[in-house]
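K.L.:
Got structure-v3.tsv for you, TSV, C-alpha atoms:
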```tsv
chain	number	residue	atom	x	y	z
U	271	LYS	CA	105.41	152.59	-193.19
U	272	MET	CA	102.88	151.44	-195.76
U	273	ALA	CA	100.00	152.02	-193.35
U	274	THR	CA	101.23	155.53	-192.62
U	275	TYR	CA	101.52	156.26	-196.34
U	276	SER	CA	97.99	154.96	-196.89
U	277	GLU	CA	96.62	157.14	-194.07
U	278	LEU	CA	98.43	160.21	-195.42
U	279	CYS	CA	96.93	159.58	-198.87
U	280	THR	CA	93.48	159.18	-197.35
U	281	MET	CA	93.82	162.40	-195.37
U	282	ALA	CA	94.96	164.36	-198.44
U	283	ASN	CA	92.02	163.02	-200.46
U	284	ASP	CA	89.56	163.68	-197.62
U	285	ILE	CA	90.36	167.39	-197.63
U	286	GLY	CA	90.15	167.47	-201.42
U	287	GLN	CA	93.84	168.12	-202.09
U	288	PRO	CA	95.53	164.87	-203.15
U	289	ASP	CA	98.70	166.73	-204.12
U	290	LEU	CA	99.32	167.45	-200.42
U	291	VAL	CA	100.36	163.85	-199.85
U	292	TYR	CA	103.90	164.78	-200.90
U	293	GLU	CA	104.02	167.55	-198.31
U	294	PHE	CA	102.74	165.13	-195.65
U	295	LEU	CA	105.35	162.56	-196.59
U	296	ASP	CA	108.06	165.17	-196.45
U	297	LEU	CA	107.02	166.18	-192.93
U	298	ALA	CA	106.18	162.73	-191.58
U	299	ALA	CA	109.39	161.15	-192.81
U	300	HIS	CA	111.74	163.85	-191.56
U	301	HIS	CA	112.36	162.06	-188.26
U	302	SER	CA	114.41	159.32	-189.93
U	303	VAL	CA	116.46	161.94	-191.76
U	304	TRP	CA	117.42	163.55	-188.46
U	305	ASN	CA	119.15	160.33	-187.39
U	306	SER	CA	122.07	161.05	-189.72
U	307	LYS	CA	124.34	164.05	-189.28
U	308	SER	CA	124.29	164.97	-192.96
U	309	GLY	CA	120.52	164.67	-193.11
U	310	ALA	CA	119.85	166.96	-190.16
U	311	ALA	CA	120.90	170.13	-191.98
U	312	PHE	CA	118.82	169.24	-195.03
U	313	SER	CA	115.83	168.23	-192.98
U	314	LEU	CA	115.33	171.48	-191.09
U	315	GLY	CA	114.98	173.54	-194.26
U	316	SER	CA	112.80	170.88	-195.84
U	317	ILE	CA	110.48	170.76	-192.84
U	318	LEU	CA	110.07	174.52	-192.73
U	319	LYS	CA	109.31	174.72	-196.46
U	320	ALA	CA	106.79	171.87	-196.34
U	321	SER	CA	105.12	173.31	-193.23
U	322	GLU	CA	104.75	176.65	-194.97
U	323	ARG	CA	103.15	175.04	-198.04
U	324	LEU	CA	100.62	173.21	-195.85
U	325	ARG	CA	99.56	176.28	-193.83
U	326	PRO	CA	96.72	177.30	-196.22
U	327	SER	CA	95.15	173.85	-195.67
U	328	LEU	CA	95.58	173.92	-191.90
U	329	GLU	CA	91.90	174.55	-191.11
U	330	ALA	CA	90.89	171.41	-193.02
U	331	LEU	CA	93.81	169.39	-191.63
U	332	ILE	CA	93.32	170.08	-187.93
U	333	PRO	CA	90.21	167.87	-187.48
U	334	LYS	CA	91.78	164.98	-189.43
U	335	LEU	CA	95.14	165.21	-187.68
U	336	PHE	CA	93.48	165.48	-184.27
U	337	ARG	CA	91.82	162.11	-184.85
U	338	TYR	CA	94.93	160.53	-186.35
U	339	LYS	CA	96.95	161.60	-183.28
U	340	HIS	CA	94.84	159.03	-181.39
U	341	ASP	CA	95.21	156.16	-183.86
U	342	PRO	CA	95.60	152.73	-182.23
U	343	ASP	CA	98.57	151.91	-184.50
U	344	PRO	CA	101.63	153.33	-182.69
U	345	LYS	CA	103.52	153.99	-185.92
U	346	ILE	CA	100.66	155.92	-187.51
U	347	ARG	CA	100.06	157.77	-184.24
U	348	ALA	CA	103.75	158.75	-184.01
U	349	SER	CA	103.86	159.93	-187.63
U	350	MET	CA	100.72	162.01	-187.23
U	351	GLU	CA	101.95	163.43	-183.93
U	352	GLU	CA	105.16	164.43	-185.69
U	353	LEU	CA	103.18	166.00	-188.54
U	354	TRP	CA	101.01	167.87	-186.01
U	355	ASN	CA	104.08	169.16	-184.15
U	356	ASN	CA	105.71	170.32	-187.39
U	357	LEU	CA	102.59	172.16	-188.48
U	358	MET	CA	102.33	173.82	-185.07
U	359	THR	CA	105.87	175.19	-185.32
U	360	ASP	CA	106.36	178.78	-186.42
U	361	PRO	CA	108.58	178.58	-189.52
U	362	LYS	CA	110.17	181.95	-188.81
U	363	THR	CA	111.19	181.39	-185.19
U	364	GLY	CA	111.24	177.59	-185.03
U	365	LYS	CA	109.21	177.77	-181.81
U	366	ARG	CA	106.14	175.65	-181.21
U	367	LYS	CA	102.87	177.57	-181.26
U	368	HIS	CA	100.01	176.76	-178.93
U	369	LEU	CA	96.86	175.83	-180.82
U	370	ASP	CA	93.66	176.89	-179.11
U	371	ILE	CA	91.60	173.75	-179.66
U	372	SER	CA	88.44	175.53	-178.49
U	373	LYS	CA	88.51	177.60	-181.70
U	374	HIS	CA	88.45	174.37	-183.72
U	375	LEU	CA	86.12	172.37	-181.47
U	376	LYS	CA	83.13	172.29	-183.84
U	377	PRO	CA	84.97	171.03	-186.93
U	378	ILE	CA	87.00	168.56	-184.87
U	379	LEU	CA	83.88	167.24	-183.15
U	380	LYS	CA	82.08	166.97	-186.48
U	381	GLU	CA	84.98	164.92	-187.88
U	382	LEU	CA	85.06	162.68	-184.81
U	383	LEU	CA	81.31	162.06	-184.76
U	384	THR	CA	81.41	161.12	-188.45
U	385	ALA	CA	84.40	158.84	-187.84
U	386	MET	CA	82.58	157.05	-185.01
U	387	GLY	CA	80.15	155.68	-187.59
U	388	LYS	CA	82.78	154.41	-190.06
U	389	SER	CA	83.16	150.72	-190.85
U	390	GLN	CA	86.87	150.51	-189.97
U	391	TRP	CA	87.41	149.67	-186.30
U	392	ARG	CA	90.65	151.70	-186.14
U	393	VAL	CA	88.80	154.81	-187.26
U	394	ARG	CA	86.02	154.27	-184.70
U	395	GLN	CA	88.52	153.59	-181.92
U	396	SER	CA	90.67	156.62	-182.71
U	397	ALA	CA	87.56	158.81	-182.91
U	398	ALA	CA	86.38	157.60	-179.50
U	399	THR	CA	89.76	158.23	-177.89
U	400	ALA	CA	90.11	161.62	-179.58
U	401	THR	CA	86.58	162.62	-178.51
U	402	SER	CA	87.42	161.81	-174.91
U	403	SER	CA	90.55	163.94	-175.15
U	404	LEU	CA	88.71	166.79	-176.86
U	405	LEU	CA	85.82	166.92	-174.39
U	406	GLN	CA	88.08	166.91	-171.34
U	407	GLY	CA	89.41	170.34	-172.22
U	408	ALA	CA	86.19	171.84	-173.59
U	409	LYS	CA	83.84	174.28	-171.91
U	410	ALA	CA	80.29	173.16	-171.19
U	411	GLU	CA	78.73	175.87	-173.35
U	412	GLN	CA	80.66	174.56	-176.35
U	413	ILE	CA	79.49	170.98	-175.85
U	414	ILE	CA	75.86	171.41	-174.78
U	415	PRO	CA	74.54	172.01	-178.34
U	416	GLU	CA	76.19	168.76	-179.48
U	417	LEU	CA	75.63	166.74	-176.32
U	418	GLU	CA	72.78	164.59	-177.64
U	419	THR	CA	74.74	163.67	-180.76
U	420	VAL	CA	77.84	162.86	-178.71
U	421	TRP	CA	75.82	160.65	-176.36
U	422	ARG	CA	74.20	158.77	-179.24
U	423	ALA	CA	77.58	158.14	-180.85
U	424	ALA	CA	79.08	157.04	-177.53
U	425	PHE	CA	76.22	154.61	-176.87
U	426	ARG	CA	76.70	153.09	-180.33
U	427	LEU	CA	80.37	152.55	-179.54
U	428	ILE	CA	79.57	150.86	-176.23
U	429	ASP	CA	77.79	148.20	-178.29
U	430	ASP	CA	80.58	147.94	-180.91
U	431	ARG	CA	81.55	144.50	-182.21
U	432	LYS	CA	85.26	145.20	-181.57
U	433	GLU	CA	86.27	144.98	-177.92
U	434	SER	CA	89.03	147.59	-178.13
U	435	VAL	CA	86.52	150.11	-179.51
U	436	ARG	CA	84.08	149.41	-176.67
U	437	LYS	CA	86.75	150.22	-174.09
```
Take the structure in the file and give it back as structure tokens.

P.N.:
Amino acid sequence: KMATYSELCTMANDIGQPDLVYEFLDLAAHHSVWNSKSGAAFSLGSILKASERLRPSLEALIPKLFRYKHDPDPKIRASMEELWNNLMTDPKTGKRKHLDISKHLKPILKELLTAMGKSQWRVRQSAATATSSLLQGAKAEQIIPELETVWRAAFRLIDDRKESVRK
């Protein structure tokens, strides 16, 4: 839980809105509240309110959350996946919206390429995994302008000192 909290704080600071950490915590922690009958009723309203407050920051959050959804730590990955799912739910209907990743490809790819050069192995590994996932669904014309940069980053990772990053 401490690692998840730390990552949520980092993400809030990275997008320049440290006060959002409370909204993230509210959304990320809701799963445990659902396990009790009395908490389920409270949690739904809380989730919808927190999701609505985060919507203005969604454009800045998408690239960060996309990478965090591929974190090697299963607990962090699950929390971020839960946060992603909550943010992709329409607060009015409660139905999950489909996010067209192709519209966010450039900022996501920029975030991932930057993360591939970070000193923390977890960040490099999650960026590599997320890049693989992102590129599988992308159109060639979207990737071609960034292809050289992607290749350079990938070659650096092949020579990474951490074995799990290399794979």

K.L.:
Name all residues at most 12 Å from Gly387 (chain U) (count only C-alpha atoms; drop same-chain ones fewer than 2 positions away) and give them as a list in words.

P.N.:
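Near neighbours after the sequence-gap exclusion: Lys380, Glu381, Leu382, Leu383, Thr384, Ala385, Ser389, Gln390, Trp391, Arg392, Val393, Arg394, Gln395, Ser396, Ala397, Ala398, Thr419, Val420, Arg422, Ala423, Ala424, Phe425, Arg426, Leu427, Asp430 and Val435 of chain U.
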
K.L.:
Using Å and a single decimal, report how far CA of Ile428 (chain U) sits from CA of Tyr338 (chain U).

P.N.:
20.8 Å

K.L.:
Please indicate the distance in Å from CA of Leu405 (chain U) to CA of Leu328 (chain U), rounded to one decimal place.

P.N.:
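So the answer is 21.2 Å.
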
K.L.:
May I have the protein, DNA and RNA residues with any atom at most 12 Å from the point (101.3, 158.4, -184.0), counting all atoms listed in the file, written as a PyMOL selection string?

P.N.:
chain U and resi 271+273-274+277-278+298+335-355+396

K.L.:
Determine the nearest neighbour of Ile371 (chain U) from the options U:Gln412, U:Asn356, U:Met386, U:Glu293, counting only C-alpha atoms.

P.N.:
U:Gln412

K.L.:
Applying 10 Å and all atoms listed in the file, which residues near Ser327 (chain U) remain after dropping the ones on its own chain fewer than 5 positions away? List them as a PyMOL selection string.

P.N.:
chain U and resi 282+285-287+290+332

K.L.:
What is the CA of Ala330 (chain U) to CA of Leu417 (chain U) distance in Å?

P.N.:
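Value for the CA of Ala330 (chain U)-CA of Leu417 (chain U) distance: 23.1 Å.
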
K.L.:
Find the spatial neighbours of Glu416 (chain U), counting only C-alpha atoms, within a cut-off of 9 Å - ignore same-chain residues fewer than 5 positions away - and output them as a ChimeraX atom specification.

P.N.:
/U:376,379,421
